[in-house]
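Report on one structure; see the data block that follows.
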Amino acid sequence: MGSCLGTQTPITAAVEISAKIDNQNVVDIRREQEKVKLLLLGPGESGKSTICKQLKVLHGMLSEDDKRLLTPVICQNIISSMRTLLQICEERNLHHSLNDQDSYELLKSTDEYAPIDSSIGRAIKSLWAEPKLRELWEKHSEFQIMESASHFFNHIDRIMKPGYSATVQDVLYTRVRTTGIITDNYEIDNTTFEIYDVGGQRNERKKWIHCFDGVTAVLFVASISEYDQMLFEDVNMNRISEALSLFQQTCSNRFFQSSSIILLLNKRDLFEKKIKKVDIASIDLFSDFKGPPRDAEAGSRYFKDKFLANRGSFKNDIYVHVVCATDTDNVSKMFTACKKIVLKDS
């Protein structure tokens with residue numbers, strides 16, 4: 001009979017395969033446990049996605065193709081915003097006082113998904129120079145419009161040129177509503193950071209709130225510049241009031257009791273401009289503000305205290321940063337501080 005040395009029985013081979021699978025599972029579980037998982041929460045329009053885009057910029061993950069692919073989105077942002085301004089102009093019976101009626105009629109009939117060529121670009125430039133529209137823009141907190149629209153209006157000469165490709169700043173100011181859950185991974189200092197960006201509108205939240213048991217930290221983003229603005233989805237609800245309510249829900253959620261919470265009070269730049277014109281105490285909800293009317297530092301402290309008062313029974317530390325998500329250097333310093341916090345607490 002021939003020798004069977006050097007051969008394996010089917011059972012032996014199966015045992016070896018099973019052992020390899022078990023070993024790989026152990027490695028995969030260890031890697032998963034070592035990941036730093038960060039969940040970005042906050043109401044819609046607060047700037048969560050802008051922070052995600054900044055992280056891509058900081059870690060070299062924003063390609064030229066990514067910028068080019070955003071061109072149609074930027075065109076839609078611009079045309080939609082200008083059409084919104086013109087609609088408000090009509091509602092307030094100001095449209096007859098516009099000097100360039102031809103551009104007004106052109107933009108009214110332009111599809112918001114149209115590419116911006118030289119004729120549309122010139123019309124937008126002309127309308128943006130209209131005194132009545134500029135006066136209306138100064139009151140844009142009174143209606144729903146993309147806050148970064150002025151950045152694109154001011155750069156329309158560049159954007160309407162053939163072959164336009166978005167700059168990093170254009171990318172940061174672009175508005176794309178987040179639906180569902182977007183996950184990004186970063187390898188930083190030999191540590192894997194997994195960051196989840198989720199839809200902030202009310203109808204999006206029920207999709208995700210139960211999905212993140214055991215995240216390392218929650219980065220809660222709230223826009224402090226919106227103290228005089230109402231929600232897109234509920235024109236009777238103040239935006240900061242909604243943010244405070246969601247923050248309270250986050251702190252009391254059983255899934256986050258072992259996580260760190262980092263509160264990012266965003267849009268510092270817009271807040272510093274707005275507080276010079278709109279006294280916080282002039283808003284009924286915040287009439288208890290006692291700081292100097294035009295003092296941004298006092299205003300920031302006031303809203304920080306408002307949020308921390310809504311922590312409920314959450315026992316872990318809550319770390320607070322006042323940030324400007326469109327400022328790359330500021331986000332870099334903020335994320336460095338966040339890394340130290342989550343690595344210390346994890």
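Labels for the structure tokens follow display order: chains A, B, ..., residues from 1 in each chain, ligands from 1.
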Step one, run DSSP on the backbone; step two, keep only residues of segment 124-211 of chain A assigned to strand (DSSP E or B); then write them as a PyMOL selection string.
chain A and resi 181-188+191-198
May I have the selected residues written with N, CA, C and O atoms, as an mmCIF file, in the first residue's frame?
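The resulting file, again.cif, is shown below:
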```
data_model
loop_
_atom_site.group_PDB
_atom_site.id
_atom_site.type_symbol
_atom_site.label_atom_id
_atom_site.label_comp_id
_atom_site.auth_asym_id
_atom_site.auth_seq_id
_atom_site.Cartn_x
_atom_site.Cartn_y
_atom_site.Cartn_z
ATOM 1 N N ILE A 181 -26.256 57.930 6.722
ATOM 2 C CA ILE A 181 -25.018 57.927 7.500
ATOM 3 C C ILE A 181 -23.828 57.863 6.556
ATOM 4 O O ILE A 181 -23.761 57.010 5.677
ATOM 5 N N ILE A 182 -22.890 58.790 6.716
ATOM 6 C CA ILE A 182 -21.655 58.802 5.915
ATOM 7 C C ILE A 182 -20.495 58.484 6.847
ATOM 8 O O ILE A 182 -20.352 59.096 7.914
ATOM 9 N N THR A 183 -19.667 57.515 6.447
ATOM 10 C CA THR A 183 -18.543 57.076 7.282
ATOM 11 C C THR A 183 -17.224 57.367 6.591
ATOM 12 O O THR A 183 -17.051 57.055 5.411
ATOM 13 N N ASP A 184 -16.283 57.980 7.314
ATOM 14 C CA ASP A 184 -14.924 58.225 6.811
ATOM 15 C C ASP A 184 -13.925 57.642 7.796
ATOM 16 O O ASP A 184 -14.141 57.673 9.015
ATOM 17 N N ASN A 185 -12.828 57.104 7.254
ATOM 18 C CA ASN A 185 -11.768 56.536 8.090
ATOM 19 C C ASN A 185 -10.466 57.294 7.878
ATOM 20 O O ASN A 185 -10.114 57.625 6.744
ATOM 21 N N TYR A 186 -9.755 57.567 8.968
ATOM 22 C CA TYR A 186 -8.478 58.262 8.922
ATOM 23 C C TYR A 186 -7.466 57.499 9.775
ATOM 24 O O TYR A 186 -7.790 57.070 10.884
ATOM 25 N N GLU A 187 -6.258 57.347 9.249
ATOM 26 C CA GLU A 187 -5.170 56.745 10.019
ATOM 27 C C GLU A 187 -4.300 57.890 10.513
ATOM 28 O O GLU A 187 -3.608 58.553 9.731
ATOM 29 N N ILE A 188 -4.363 58.158 11.819
ATOM 30 C CA ILE A 188 -3.660 59.309 12.391
ATOM 31 C C ILE A 188 -2.813 58.830 13.561
ATOM 32 O O ILE A 188 -3.345 58.272 14.536
ATOM 33 N N THR A 191 -3.292 55.389 14.782
ATOM 34 C CA THR A 191 -4.613 55.098 15.337
ATOM 35 C C THR A 191 -5.657 55.307 14.243
ATOM 36 O O THR A 191 -5.611 56.293 13.509
ATOM 37 N N THR A 192 -6.601 54.365 14.135
ATOM 38 C CA THR A 192 -7.684 54.494 13.160
ATOM 39 C C THR A 192 -8.840 55.272 13.772
ATOM 40 O O THR A 192 -9.372 54.895 14.823
ATOM 41 N N PHE A 193 -9.188 56.378 13.126
ATOM 42 C CA PHE A 193 -10.352 57.167 13.533
ATOM 43 C C PHE A 193 -11.470 56.907 12.528
ATOM 44 O O PHE A 193 -11.287 57.092 11.327
ATOM 45 N N GLU A 194 -12.614 56.473 13.022
ATOM 46 C CA GLU A 194 -13.785 56.263 12.170
ATOM 47 C C GLU A 194 -14.817 57.310 12.549
ATOM 48 O O GLU A 194 -15.259 57.372 13.707
ATOM 49 N N ILE A 195 -15.175 58.152 11.578
ATOM 50 C CA ILE A 195 -16.038 59.298 11.856
ATOM 51 C C ILE A 195 -17.352 59.139 11.105
ATOM 52 O O ILE A 195 -17.367 58.909 9.897
ATOM 53 N N TYR A 196 -18.451 59.263 11.852
ATOM 54 C CA TYR A 196 -19.781 59.116 11.273
ATOM 55 C C TYR A 196 -20.460 60.482 11.208
ATOM 56 O O TYR A 196 -20.585 61.168 12.222
ATOM 57 N N ASP A 197 -20.895 60.848 10.011
ATOM 58 C CA ASP A 197 -21.648 62.086 9.804
ATOM 59 C C ASP A 197 -23.075 61.682 9.456
ATOM 60 O O ASP A 197 -23.296 60.902 8.529
ATOM 61 N N VAL A 198 -24.038 62.189 10.210
ATOM 62 C CA VAL A 198 -25.417 61.744 10.024
ATOM 63 C C VAL A 198 -26.328 62.929 9.754
ATOM 64 O O VAL A 198 -26.036 64.068 10.115
#
```
For segment 26-88 of chain A versus segment 97-103 of chain A, which residues have an atom no more than 12 Å away, and what is each residue's nearest atom pair and distance in Å rounded to one decimal, using only C-alpha atoms, chain-then-number order, as JSON lines?
```
{"residue": "A:Met82", "atom": "CA", "partner": "A:Ser103", "partner_atom": "CA", "distance": 11.1}
{"residue": "A:Arg83", "atom": "CA", "partner": "A:Ser103", "partner_atom": "CA", "distance": 11.3}
{"residue": "A:Leu86", "atom": "CA", "partner": "A:Leu98", "partner_atom": "CA", "distance": 10.0}
```
Go ahead and write the selection's residues with N, CA and C atoms as a tab-separated table (two decimals), in the first residue's frame.
```tsv
chain	number	residue	atom	x	y	z
A	82	MET	N	-29.98	82.67	-5.38
A	82	MET	CA	-30.39	83.92	-6.02
A	82	MET	C	-31.89	83.92	-6.28
A	83	ARG	N	-32.43	82.79	-6.71
A	83	ARG	CA	-33.87	82.71	-6.94
A	83	ARG	C	-34.65	82.90	-5.63
A	86	LEU	N	-34.74	86.58	-4.94
A	86	LEU	CA	-35.69	87.25	-5.83
A	86	LEU	C	-37.13	86.97	-5.40
```
Show which residues sit within 8 Å of Phe314 of chain A, as a PyMOL selection string. Count only C-alpha atoms, and ignore same-chain residues fewer than 3 positions away.
chain A and resi 251-252+257+311
Which neighbours of segment 71-74 of chain A fall inside 9 Å, counting only C-alpha atoms, when residues of the same chain fewer than 6 positions from it are skipped, and could you give them as a ChimeraX atom specification?
/A:113-116,152,159,164-166,170-171,173-176
Expressed in Å to a single decimal, how great is the separation between atom CA of Asn266 of chain A and atom CA of Thr326 of chain A?
9.5 Å
